[in-house]
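Listing of data_12.cif, mmCIF, C-alpha atoms and all ligand atoms
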data_run
#
loop_
_atom_site.label_atom_id
_atom_site.label_comp_id
_atom_site.auth_asym_id
_atom_site.auth_seq_id
_atom_site.Cartn_x
_atom_site.Cartn_y
_atom_site.Cartn_z
CA MET A 1 101.07 146.87 64.71
CA THR A 2 99.93 144.11 62.38
CA ILE A 3 99.58 140.35 62.41
CA LEU A 4 99.62 138.05 59.38
CA VAL A 5 96.99 135.29 59.52
CA THR A 6 97.09 132.44 57.00
CA GLY A 7 94.08 130.24 56.14
CA SER A 8 91.88 133.13 57.23
CA ALA A 9 89.00 132.37 54.83
CA GLY A 10 88.51 128.89 56.30
CA PHE A 11 86.42 127.84 59.28
CA ILE A 12 88.70 128.58 62.24
CA GLY A 13 90.85 131.23 60.54
CA ALA A 14 87.79 133.32 59.67
CA ASN A 15 86.39 133.04 63.20
CA PHE A 16 89.81 134.05 64.52
CA VAL A 17 90.08 137.16 62.31
CA LEU A 18 86.50 138.24 63.06
CA ASP A 19 87.01 137.82 66.82
CA TRP A 20 90.42 139.54 66.69
CA LEU A 21 89.08 142.65 64.99
CA HIS A 22 86.08 142.65 67.31
CA GLN A 23 88.42 142.85 70.29
CA HIS A 24 91.45 144.78 68.95
CA ASP A 25 92.26 147.57 66.58
CA GLU A 26 95.47 145.83 65.59
CA ALA A 27 95.41 145.29 61.82
CA VAL A 28 95.27 141.87 60.16
CA VAL A 29 96.75 140.84 56.83
CA SER A 30 94.91 137.72 55.67
CA LEU A 31 96.59 135.25 53.33
CA ASP A 32 94.48 132.44 51.90
CA LYS A 33 94.71 130.34 48.73
CA LEU A 34 90.89 130.08 48.55
CA THR A 35 90.80 126.33 48.01
CA TYR A 36 87.38 124.65 48.00
CA ALA A 37 87.38 125.23 51.82
CA GLY A 38 88.23 128.92 51.67
CA ASN A 39 85.25 131.22 51.42
CA LEU A 40 85.46 135.00 51.24
CA ALA A 41 81.83 135.18 52.37
CA ASN A 42 83.16 134.24 55.84
CA LEU A 43 84.95 137.62 55.96
CA LYS A 44 82.17 139.63 54.29
CA SER A 45 81.47 141.69 57.41
CA LEU A 46 85.01 143.13 57.11
CA GLU A 47 84.43 144.64 53.68
CA GLY A 48 85.47 148.31 53.82
CA ASP A 49 87.24 147.84 57.18
CA ASP A 50 90.67 149.39 56.73
CA ARG A 51 92.12 147.31 59.57
CA HIS A 52 91.87 144.24 57.30
CA VAL A 53 93.69 143.41 54.06
CA PHE A 54 92.93 140.18 52.19
CA VAL A 55 95.51 138.62 49.87
CA LYS A 56 94.75 135.56 47.76
CA GLY A 57 97.82 133.33 47.70
CA ASP A 58 99.64 130.20 48.78
CA ILE A 59 101.74 129.87 51.94
CA GLY A 60 104.13 127.89 49.71
CA ASP A 61 104.71 130.89 47.42
CA SER A 62 107.98 132.09 48.96
CA LYS A 63 108.20 135.27 46.90
CA LEU A 64 104.67 136.35 47.75
CA VAL A 65 105.11 135.63 51.47
CA ALA A 66 108.49 137.42 51.61
CA GLY A 67 106.89 140.43 49.89
CA LEU A 68 104.00 140.51 52.39
CA LEU A 69 106.36 140.27 55.36
CA ALA A 70 108.53 143.09 53.97
CA GLU A 71 105.56 145.30 53.16
CA TYR A 72 103.46 144.86 56.30
CA GLN A 73 106.20 144.12 58.89
CA PRO A 74 103.91 141.94 61.06
CA ARG A 75 104.82 141.38 64.70
CA ALA A 76 103.35 137.84 64.48
CA VAL A 77 102.32 135.18 61.98
CA VAL A 78 99.45 132.84 62.91
CA ASN A 79 99.33 129.82 60.62
CA PHE A 80 95.90 128.22 60.14
CA ALA A 81 96.41 127.38 56.45
CA ALA A 82 96.05 123.65 55.81
CA GLU A 83 94.18 120.92 54.05
CA SER A 84 92.05 119.78 56.96
CA HIS A 85 89.61 117.00 56.03
CA VAL A 86 90.67 113.47 57.00
CA ASP A 87 88.44 111.75 54.40
CA ARG A 88 89.86 113.86 51.57
CA SER A 89 93.38 112.96 52.73
CA ILE A 90 92.45 109.29 52.35
CA HIS A 91 91.08 109.79 48.81
CA GLY A 92 94.05 111.97 47.75
CA PRO A 93 96.96 112.81 50.09
CA GLU A 94 99.01 114.90 47.61
CA ASP A 95 97.50 118.30 48.47
CA PHE A 96 98.02 117.56 52.17
CA ILE A 97 101.71 116.92 51.64
CA GLN A 98 102.06 120.05 49.48
CA THR A 99 100.29 122.50 51.78
CA ASN A 100 100.73 121.04 55.25
CA ILE A 101 104.36 119.98 54.89
CA VAL A 102 105.95 121.82 51.93
CA GLY A 103 103.81 124.92 52.43
CA THR A 104 104.59 125.14 56.16
CA PHE A 105 108.29 124.63 55.40
CA ARG A 106 108.31 127.47 52.85
CA LEU A 107 106.39 129.73 55.21
CA LEU A 108 108.88 128.98 58.00
CA GLU A 109 111.80 129.75 55.69
CA ALA A 110 110.34 133.10 54.66
CA VAL A 111 109.61 133.95 58.30
CA ARG A 112 113.12 132.89 59.37
CA VAL A 113 114.71 135.27 56.84
CA TYR A 114 112.33 138.07 57.84
CA HIS A 115 112.94 137.53 61.56
CA ALA A 116 116.73 137.51 61.11
CA GLN A 117 116.72 141.05 59.74
CA LEU A 118 114.32 142.48 62.33
CA HIS A 119 116.01 144.80 64.81
CA ASP A 120 113.72 146.30 67.44
CA GLY A 121 110.88 143.86 66.87
CA ALA A 122 112.89 140.62 66.83
CA ALA A 123 112.45 139.72 70.50
CA ALA A 124 108.70 140.31 70.48
CA PHE A 125 108.05 138.49 67.18
CA ARG A 126 106.02 135.23 67.27
CA PHE A 127 105.23 132.44 64.80
CA LEU A 128 102.17 130.56 66.06
CA HIS A 129 101.41 127.26 64.37
CA VAL A 130 97.88 125.90 64.74
CA SER A 131 97.80 122.12 64.91
CA THR A 132 95.60 119.24 65.95
CA ASP A 133 95.18 116.56 68.60
CA GLU A 134 95.16 113.96 65.77
CA VAL A 135 98.97 113.97 65.76
CA TYR A 136 98.85 111.90 68.97
CA GLY A 137 96.95 109.02 67.33
CA SER A 138 94.07 107.11 68.88
CA LEU A 139 93.25 106.35 72.55
CA GLU A 140 91.82 103.22 74.14
CA PRO A 141 88.59 103.79 76.12
CA THR A 142 90.32 103.95 79.52
CA ASP A 143 93.53 105.75 78.48
CA PRO A 144 94.15 109.17 80.03
CA ALA A 145 93.61 112.16 77.72
CA PHE A 146 96.52 113.38 75.54
CA THR A 147 99.01 115.66 77.28
CA GLU A 148 101.78 117.59 75.52
CA ARG A 149 104.14 114.77 76.51
CA ASN A 150 102.33 112.06 74.52
CA ARG A 151 104.37 110.67 71.65
CA TYR A 152 103.28 111.46 68.10
CA GLU A 153 101.49 108.52 66.43
CA PRO A 154 99.54 110.01 63.50
CA ASN A 155 97.34 107.52 61.64
CA SER A 156 95.93 109.30 58.57
CA PRO A 157 97.70 111.13 55.75
CA TYR A 158 96.15 114.32 57.19
CA SER A 159 97.45 113.80 60.73
CA ALA A 160 100.84 112.59 59.45
CA SER A 161 101.18 115.78 57.39
CA LYS A 162 100.25 117.93 60.41
CA ALA A 163 102.70 115.98 62.58
CA ALA A 164 105.45 116.66 60.03
CA SER A 165 104.63 120.37 60.08
CA ASP A 166 104.75 120.43 63.90
CA HIS A 167 108.21 118.82 63.80
CA LEU A 168 109.43 121.43 61.31
CA VAL A 169 108.16 124.24 63.54
CA ARG A 170 109.90 122.67 66.54
CA ALA A 171 113.15 122.28 64.57
CA TYR A 172 113.11 125.93 63.45
CA HIS A 173 113.02 126.94 67.11
CA HIS A 174 115.72 124.52 68.18
CA THR A 175 118.05 125.18 65.26
CA TYR A 176 117.43 128.79 64.26
CA LYS A 177 115.92 130.13 67.52
CA LEU A 178 112.81 131.19 65.63
CA PRO A 179 110.31 132.30 68.33
CA VAL A 180 107.58 129.71 67.74
CA LEU A 181 104.51 128.49 69.60
CA THR A 182 102.33 125.50 68.70
CA THR A 183 98.76 124.70 69.70
CA ASN A 184 97.21 121.22 69.36
CA CYS A 185 93.44 121.49 69.51
CA SER A 186 90.59 118.99 69.62
CA ASN A 187 87.54 118.99 67.26
CA ASN A 188 86.05 122.44 66.72
CA TYR A 189 82.45 123.27 65.87
CA GLY A 190 80.53 126.52 65.35
CA PRO A 191 79.71 129.13 62.66
CA TYR A 192 81.27 128.87 59.16
CA HIS A 193 82.13 125.16 59.59
CA PHE A 194 82.34 123.64 56.10
CA PRO A 195 79.49 121.14 55.59
CA GLU A 196 81.79 118.21 54.78
CA LYS A 197 82.58 117.84 58.52
CA LEU A 198 80.31 115.84 60.82
CA ILE A 199 78.32 118.54 62.65
CA PRO A 200 77.46 120.89 59.75
CA LEU A 201 76.94 117.91 57.41
CA ILE A 202 74.37 116.39 59.77
CA ILE A 203 72.52 119.71 60.19
CA HIS A 204 72.47 120.26 56.43
CA ASN A 205 71.38 116.70 55.57
CA ALA A 206 68.72 116.69 58.28
CA LEU A 207 67.13 119.88 56.97
CA SER A 208 67.38 118.61 53.37
CA GLY A 209 65.60 115.33 54.25
CA LYS A 210 68.72 113.30 53.40
CA PRO A 211 70.28 110.35 55.28
CA LEU A 212 72.50 111.21 58.27
CA PRO A 213 75.60 109.07 57.59
CA ILE A 214 77.30 107.50 60.64
CA TYR A 215 80.60 105.76 59.91
CA GLY A 216 80.88 102.23 61.37
CA ASP A 217 79.18 101.81 64.74
CA GLY A 218 79.20 105.53 65.64
CA GLN A 219 80.97 104.81 68.94
CA GLN A 220 84.12 106.76 68.02
CA VAL A 221 84.81 109.52 70.54
CA ARG A 222 85.79 113.10 69.76
CA ASP A 223 86.47 115.95 72.22
CA TRP A 224 84.48 119.00 71.07
CA LEU A 225 85.38 122.67 71.52
CA TYR A 226 83.36 125.69 70.40
CA VAL A 227 85.42 127.49 67.76
CA LYS A 228 85.45 130.83 69.60
CA ASP A 229 87.04 129.10 72.59
CA HIS A 230 89.78 127.82 70.29
CA CYS A 231 90.26 131.40 69.04
CA SER A 232 90.56 132.74 72.61
CA ALA A 233 93.13 130.02 73.37
CA VAL A 234 95.21 131.00 70.31
CA ARG A 235 95.07 134.66 71.36
CA ARG A 236 96.17 133.77 74.89
CA VAL A 237 99.06 131.58 73.70
CA LEU A 238 100.16 134.31 71.31
CA GLU A 239 100.10 136.80 74.17
CA ALA A 240 101.75 134.78 76.93
CA GLY A 241 102.92 131.37 75.64
CA LYS A 242 106.47 130.29 76.44
CA LEU A 243 108.67 130.20 73.35
CA GLY A 244 109.18 126.79 71.78
CA GLU A 245 106.36 125.25 73.83
CA THR A 246 103.27 123.41 72.65
CA TYR A 247 99.85 123.83 74.29
CA ASN A 248 96.96 121.38 74.09
CA VAL A 249 93.57 123.06 73.63
CA GLY A 250 90.34 121.26 74.47
CA GLY A 251 86.99 121.59 76.15
CA TRP A 252 86.77 118.41 78.24
CA ASN A 253 83.76 117.40 76.13
CA GLU A 254 84.17 113.80 75.02
CA LYS A 255 81.18 112.50 73.06
CA THR A 256 80.54 109.54 70.80
CA ASN A 257 79.59 110.45 67.24
CA LEU A 258 76.20 108.84 67.74
CA ASP A 259 75.58 110.99 70.84
CA VAL A 260 76.50 114.13 68.89
CA VAL A 261 74.12 113.22 66.07
CA HIS A 262 71.31 112.40 68.53
CA THR A 263 71.83 115.80 70.21
CA LEU A 264 71.66 117.58 66.85
CA CYS A 265 68.46 115.73 65.92
CA ASP A 266 66.87 116.57 69.27
CA ILE A 267 67.71 120.29 68.98
CA LEU A 268 66.41 120.37 65.40
CA ASP A 269 63.23 118.57 66.52
CA GLN A 270 62.64 121.50 68.90
CA GLU A 271 63.87 124.39 66.75
CA ARG A 272 62.72 123.29 63.26
CA PRO A 273 60.36 120.28 63.60
CA ARG A 274 59.93 118.04 60.56
CA GLY A 275 56.73 118.63 58.60
CA ASP A 276 55.51 115.09 59.32
CA GLY A 277 56.02 115.46 63.08
CA ARG A 278 58.56 112.61 63.21
CA SER A 279 62.08 112.90 64.61
CA TYR A 280 65.17 113.67 62.54
CA ARG A 281 66.68 110.61 64.28
CA GLU A 282 64.75 108.51 61.72
CA GLN A 283 67.16 109.79 59.03
CA ILE A 284 70.22 108.22 60.76
CA THR A 285 71.95 105.70 58.48
CA PHE A 286 75.00 103.59 59.31
CA VAL A 287 77.51 103.59 56.44
CA LYS A 288 80.90 102.05 55.65
CA ASP A 289 83.56 103.02 58.17
CA ARG A 290 86.44 105.45 57.44
CA PRO A 291 89.61 103.41 56.68
CA GLY A 292 91.97 103.50 59.69
CA HIS A 293 89.32 105.40 61.68
CA ASP A 294 90.77 106.68 64.98
CA ARG A 295 88.62 105.41 67.83
CA ARG A 296 89.05 108.10 70.45
CA TYR A 297 90.62 111.53 70.92
CA ALA A 298 90.64 113.37 74.26
CA ILE A 299 92.63 116.46 75.21
CA ASP A 300 94.08 117.27 78.60
CA ALA A 301 94.24 121.08 78.55
CA THR A 302 95.68 121.41 82.07
CA LYS A 303 98.89 123.12 80.93
CA LEU A 304 97.06 125.91 79.11
CA GLU A 305 94.62 126.37 81.99
CA ARG A 306 97.28 126.28 84.72
CA ASP A 307 100.11 128.22 83.07
CA LEU A 308 98.15 130.75 81.01
CA GLY A 309 94.82 130.88 82.86
CA TRP A 310 92.72 130.00 79.78
CA LYS A 311 89.26 128.48 80.18
CA PRO A 312 86.58 127.74 77.56
CA ALA A 313 83.51 129.96 77.81
CA GLU A 314 81.01 127.49 76.32
CA THR A 315 79.82 124.09 77.47
CA PHE A 316 79.01 121.59 74.72
CA GLU A 317 75.29 122.09 75.46
CA SER A 318 75.41 125.90 75.05
CA GLY A 319 77.81 125.82 72.07
CA ILE A 320 75.93 123.21 70.08
CA ARG A 321 72.61 125.02 70.47
CA LYS A 322 74.22 128.30 69.30
CA THR A 323 75.69 126.42 66.36
CA VAL A 324 72.39 124.89 65.24
CA ARG A 325 70.74 128.31 65.48
CA TRP A 326 73.54 129.87 63.40
CA TYR A 327 72.98 127.30 60.64
CA LEU A 328 69.22 127.83 60.75
CA ASP A 329 69.77 131.58 60.42
CA ASN A 330 72.40 131.25 57.66
CA GLN A 331 70.91 128.77 55.22
CA GLY A 332 72.03 130.97 52.31
CA TRP A 333 75.67 130.53 53.35
CA VAL A 334 75.24 126.75 53.27
CA GLU A 335 73.36 126.80 49.95
CA ASN A 336 76.18 128.75 48.29
CA ILE A 337 78.61 126.00 49.27
CA THR A 338 76.48 122.95 48.61
CA SER A 339 76.32 123.63 44.91
CA GLY A 340 78.94 122.88 42.27
CA ALA A 341 82.15 121.03 43.09
CA TYR A 342 81.04 120.20 46.61
CA ARG A 343 78.24 118.02 45.21
CA ASP A 344 80.81 115.96 43.30
CA TRP A 345 82.68 115.25 46.56
CA VAL A 346 79.50 114.09 48.29
CA SER A 347 78.51 111.74 45.47
CA LYS A 348 82.06 110.33 45.19
CA HIS A 349 82.60 109.86 48.93
CA TYR A 350 79.17 108.59 50.00
CA GLN A 351 78.49 106.82 46.66
P1 LIG B 1 89.53 124.69 56.73
O1 LIG B 1 89.78 123.57 55.79
O2 LIG B 1 88.14 125.12 57.02
O3 LIG B 1 90.32 126.00 56.26
C1 LIG B 1 91.62 125.96 55.76
C2 LIG B 1 91.89 127.26 55.03
O4 LIG B 1 93.26 127.23 54.56
C3 LIG B 1 91.01 127.48 53.80
O5 LIG B 1 90.52 128.80 53.79
C4 LIG B 1 91.95 127.25 52.63
O6 LIG B 1 91.61 128.00 51.47
C5 LIG B 1 93.28 127.69 53.21
N1 LIG B 1 94.43 127.06 52.54
C6 LIG B 1 94.57 125.76 52.18
N2 LIG B 1 95.76 125.58 51.58
C7 LIG B 1 96.38 126.79 51.57
C8 LIG B 1 97.65 127.24 51.10
N3 LIG B 1 98.51 126.41 50.50
N4 LIG B 1 97.97 128.55 51.27
C9 LIG B 1 97.10 129.42 51.85
N5 LIG B 1 95.88 129.03 52.29
C10 LIG B 1 95.53 127.74 52.17
O7 LIG B 1 90.29 124.27 58.07
P2 LIG B 1 89.96 124.64 59.59
O8 LIG B 1 89.04 123.62 60.13
O9 LIG B 1 89.61 126.07 59.68
O10 LIG B 1 91.39 124.39 60.25
C11 LIG B 1 92.34 125.43 60.35
C12 LIG B 1 93.59 124.90 61.02
O11 LIG B 1 93.27 124.38 62.31
C13 LIG B 1 94.23 123.73 60.26
O12 LIG B 1 95.63 123.88 60.36
C14 LIG B 1 93.77 122.49 61.01
O13 LIG B 1 94.73 121.47 60.91
C15 LIG B 1 93.70 123.03 62.43
N6 LIG B 1 92.73 122.36 63.31
C16 LIG B 1 91.42 122.19 62.93
C17 LIG B 1 90.50 121.61 63.82
C18 LIG B 1 89.05 121.42 63.45
O14 LIG B 1 88.32 120.79 64.21
N7 LIG B 1 88.57 121.95 62.33
C19 LIG B 1 90.94 121.20 65.08
C20 LIG B 1 92.29 121.38 65.43
C21 LIG B 1 93.17 121.98 64.55
O1 LIG B 2 90.55 116.41 66.18
C1 LIG B 2 90.78 117.56 65.43
C2 LIG B 2 90.40 117.31 63.98
O2 LIG B 2 88.97 117.29 63.93
C3 LIG B 2 90.96 118.34 63.02
O3 LIG B 2 92.37 118.27 63.03
C4 LIG B 2 90.44 118.10 61.60
O4 LIG B 2 90.88 119.12 60.72
C5 LIG B 2 88.92 118.11 61.65
O5 LIG B 2 88.38 117.84 60.37
C6 LIG B 2 88.40 117.07 62.66
O6 LIG B 2 88.70 115.73 62.21
P1 LIG B 2 87.64 114.53 62.38
O7 LIG B 2 87.97 113.47 61.41
O8 LIG B 2 87.49 114.17 63.81
O9 LIG B 2 86.30 115.36 61.96
P2 LIG B 2 85.04 114.98 61.03
O10 LIG B 2 84.03 116.04 61.23
O11 LIG B 2 85.45 114.63 59.65
O12 LIG B 2 84.51 113.64 61.72
C7 LIG B 2 84.15 113.61 63.11
C8 LIG B 2 83.79 112.17 63.44
O13 LIG B 2 82.56 111.85 62.76
C9 LIG B 2 84.81 111.15 62.96
O14 LIG B 2 84.90 110.11 63.91
C10 LIG B 2 84.23 110.64 61.65
C11 LIG B 2 82.73 110.74 61.87
N1 LIG B 2 81.91 111.02 60.68
C12 LIG B 2 82.26 112.05 59.86
C13 LIG B 2 81.54 112.33 58.72
C14 LIG B 2 81.94 113.47 57.81
C15 LIG B 2 80.78 110.25 60.41
O15 LIG B 2 80.45 109.32 61.19
N2 LIG B 2 80.04 110.54 59.29
C16 LIG B 2 80.39 111.53 58.41
O16 LIG B 2 79.68 111.72 57.38
#
Structure rendered as structure tokens:
Amino acid sequence: MTILVTGSAGFIGANFVLDWLHQHDEAVVSLDKLTYAGNLANLKSLEGDDRHVFVKGDIGDSKLVAGLLAEYQPRAVVNFAAESHVDRSIHGPEDFIQTNIVGTFRLLEAVRVYHAQLHDGAAAFRFLHVSTDEVYGSLEPTDPAFTERNRYEPNSPYSASKAASDHLVRAYHHTYKLPVLTTNCSNNYGPYHFPEKLIPLIIHNALSGKPLPIYGDGQQVRDWLYVKDHCSAVRRVLEAGKLGETYNVGGWNEKTNLDVVHTLCDILDQERPRGDGRSYREQITFVKDRPGHDRRYAIDATKLERDLGWKPAETFESGIRKTVRWYLDNQGWVENITSGAYRDWVSKHYQ
């Protein structure tokens, strides 16, 4: 048995593949375009492991995807491939439309054709689409957390493109009876998180003696989940999710951005104190806000917990400490990324 995982060289996809092969012997075919966010170093520990095959390619390349499906006959496709950074979608939405909408459409088409000719495996086949809580828009401070019944109100080009992909997945179930599942997860953090996103960016800048940029007033709220808990949720939904359903995934960990940055500074003060004995908090700098910045996200994961018995293993306190330690122990991984093209993004975006 084999599964096909797309976007497997990115942050969550790589964690998913590593955890999968740690727990199963079921083979994985990895498909990733290796954009700026895709990094084969994330999968380095699988070199020489014959349960894993890596293929460089685009989910929008219909011929390639059809060939992979025919050759490897996967019993499931798990789709992590996406352009994922909100700020980049504001600077240039085109790639988001191409990969998140057109790419997902082409992938669905290839999977639909493949599924239609399956005989014995057709009933057990699954297409699991990994999506985000951002499709639901922004909450007021006293609003209840998002449930699966919230209407879609995406606010950024990124979230609008993910919302469009979710609708396509839903339509392929309704119209063609493709056996799909969708997960909508809150903000992830953990190992292999690309240092353009808040948590790894703050750790990297703190250690480099650079400013810690907080957009606007820093009172925006995100709901944080340790990446391995997201991976266990995806595995559980793949195993037992009801066809055509969506499942919210979250850790009940709402924090303001400023609180998250303070926590990171405090852990770094303990684990890697500054040479001058002062706190990393002194590096905090308030910068221009993100255009259209969503104020609050919060996920109600009751359905996943009640119907499928999933629970996160980490609290925010345990997960964030593990994460800081991982970055301290893997400075070489960060240094490999923070050279070259990534520097251009930082100077363009933060001026
Ligand atoms: P990421 O940007 O770290 O990784 C995305 C991966 O997809 C990269 O390896 C990239 O090379 C690959 N990719 C991009 N375009 C591709 C294409 N056309 N064909 C094949 N591969 C392509 O993203 P991530 O944070 O790991 O997110 C993975 C998925 O989870 C995304 O769909 C994202 O929307 C969703 N998600 C992310 C979070 C989060 O907090 N990071 C939360 C909820 C949902
Ligand atoms: O909610 C799930 C989403 O979480 C995923 O769908 C996205 O792929 C993922 O990137 C993430 O989106 P966010 O925009 O919430 O994540 P980001 O790390 O970019 O920012 C987190 C918060 O921190 C957000 O309110 C913006 C703020 N921020 C971010 C950066 C990079 C800052 O204040 N300063 C910064 O330099």
Write out as a PDB file with C-alpha atoms, in the frame of the given file each polymer residue whose atoms come within 6 Å of Asn39 in chain A, counting only C-alpha atoms; drop sequence neighbours fewer than 2 positions from it.
ATOM      1  CA  ALA A   9      89.000 132.370  54.830  1.00  0.00           C
ATOM      2  CA  ALA A  41      81.830 135.180  52.370  1.00  0.00           C
ATOM      3  CA  ASN A  42      83.160 134.240  55.840  1.00  0.00           C
TER       4      ASN A  42
END
*Give the residues close to ligand LIG 2 (chain B), within 6 Å, counting only C-alpha atoms and all ligand atoms; write them as a ChimeraX atom specification.*
/A:84-86,132-134,186-187,196-198,213-215,218,220,257
*With all atoms listed in the file as the atoms that count, which of A:Leu4, A:Leu68, A:Ala123, A:Cys185 lies nearest to ligand LIG 1 (chain B)?*
A:Cys185
If the limit is 8 Å from any atom of ligand LIG 1 (chain B), counting all atoms listed in the file, which residues qualify? Return them as a short mmCIF file (atom, residue, chain, number, x, y, z; two decimals) with C-alpha atoms, in the coordinates of the input.
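So the final result, stored in part.cif, reads:
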data_model
loop_
_atom_site.label_atom_id
_atom_site.label_comp_id
_atom_site.auth_asym_id
_atom_site.auth_seq_id
_atom_site.Cartn_x
_atom_site.Cartn_y
_atom_site.Cartn_z
CA THR A 6 97.09 132.44 57.00
CA GLY A 7 94.08 130.24 56.14
CA SER A 8 91.88 133.13 57.23
CA ALA A 9 89.00 132.37 54.83
CA GLY A 10 88.51 128.89 56.30
CA PHE A 11 86.42 127.84 59.28
CA ILE A 12 88.70 128.58 62.24
CA GLY A 13 90.85 131.23 60.54
CA ALA A 14 87.79 133.32 59.67
CA LEU A 31 96.59 135.25 53.33
CA ASP A 32 94.48 132.44 51.90
CA LYS A 33 94.71 130.34 48.73
CA LEU A 34 90.89 130.08 48.55
CA THR A 35 90.80 126.33 48.01
CA TYR A 36 87.38 124.65 48.00
CA ALA A 37 87.38 125.23 51.82
CA GLY A 38 88.23 128.92 51.67
CA ASN A 39 85.25 131.22 51.42
CA LYS A 56 94.75 135.56 47.76
CA GLY A 57 97.82 133.33 47.70
CA ASP A 58 99.64 130.20 48.78
CA ILE A 59 101.74 129.87 51.94
CA GLY A 60 104.13 127.89 49.71
CA ASN A 79 99.33 129.82 60.62
CA PHE A 80 95.90 128.22 60.14
CA ALA A 81 96.41 127.38 56.45
CA ALA A 82 96.05 123.65 55.81
CA GLU A 83 94.18 120.92 54.05
CA SER A 84 92.05 119.78 56.96
CA HIS A 85 89.61 117.00 56.03
CA GLN A 98 102.06 120.05 49.48
CA THR A 99 100.29 122.50 51.78
CA ASN A 100 100.73 121.04 55.25
CA GLY A 103 103.81 124.92 52.43
CA HIS A 129 101.41 127.26 64.37
CA VAL A 130 97.88 125.90 64.74
CA SER A 131 97.80 122.12 64.91
CA THR A 132 95.60 119.24 65.95
CA ASP A 133 95.18 116.56 68.60
CA GLU A 134 95.16 113.96 65.77
CA LYS A 162 100.25 117.93 60.41
CA ASN A 184 97.21 121.22 69.36
CA CYS A 185 93.44 121.49 69.51
CA SER A 186 90.59 118.99 69.62
CA ASN A 187 87.54 118.99 67.26
CA ASN A 188 86.05 122.44 66.72
CA TYR A 189 82.45 123.27 65.87
CA HIS A 193 82.13 125.16 59.59
CA PHE A 194 82.34 123.64 56.10
#
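Put simply, CA of Asp143 in chain A is 15.6 Å away from CA of Thr256 in chain A.
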_Atomic separation - CA of Ser159 in chain A relative to CA of Ala301 in chain A, Å_ = 19.5 Å
*asked:* For a test of reading the model, state the distance in Å between CA of His173 in chain A and CA of Glu239 in chain A, rounded to one decimal.
replied: 17.7 Å
*Any idea what's packed within 12 Å of Gln331 in chain A, counting only C-alpha atoms, ignoring anything in its chain fewer than 3 positions away? Could you give it as a list of chain:residue names?*
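Counting only the stated atoms, we get A:Pro191, A:Tyr192, A:Pro195, A:Pro200, A:Ile203, A:His204, A:Leu207, A:Ser208, A:Val324, A:Arg325, A:Trp326, A:Tyr327, A:Leu328, A:Val334, A:Glu335, A:Asn336, A:Ile337, A:Thr338.
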List as a PDB file with C-alpha atoms, in the frame of the given file the protein and nucleic acid residues near Val234 in chain A, meaning an atom at most 10 Å away when all atoms listed in the file are counted, but skip any in the same chain fewer than 4 places from it.
ATOM      1  CA  PHE A  16      89.810 134.050  64.520  1.00  0.00           C
ATOM      2  CA  VAL A  78      99.450 132.840  62.910  1.00  0.00           C
ATOM      3  CA  LEU A 128     102.170 130.560  66.060  1.00  0.00           C
ATOM      4  CA  HIS A 129     101.410 127.260  64.370  1.00  0.00           C
ATOM      5  CA  VAL A 130      97.880 125.900  64.740  1.00  0.00           C
ATOM      6  CA  LEU A 181     104.510 128.490  69.600  1.00  0.00           C
ATOM      7  CA  THR A 182     102.330 125.500  68.700  1.00  0.00           C
ATOM      8  CA  THR A 183      98.760 124.700  69.700  1.00  0.00           C
ATOM      9  CA  CYS A 185      93.440 121.490  69.510  1.00  0.00           C
ATOM     10  CA  LYS A 228      85.450 130.830  69.600  1.00  0.00           C
ATOM     11  CA  ASP A 229      87.040 129.100  72.590  1.00  0.00           C
ATOM     12  CA  HIS A 230      89.780 127.820  70.290  1.00  0.00           C
ATOM     13  CA  LEU A 238     100.160 134.310  71.310  1.00  0.00           C
ATOM     14  CA  GLU A 239     100.100 136.800  74.170  1.00  0.00           C
ATOM     15  CA  GLY A 241     102.920 131.370  75.640  1.00  0.00           C
ATOM     16  CA  TYR A 247      99.850 123.830  74.290  1.00  0.00           C
ATOM     17  CA  VAL A 249      93.570 123.060  73.630  1.00  0.00           C
ATOM     18  CA  TRP A 310      92.720 130.000  79.780  1.00  0.00           C
TER      19      TRP A 310
END
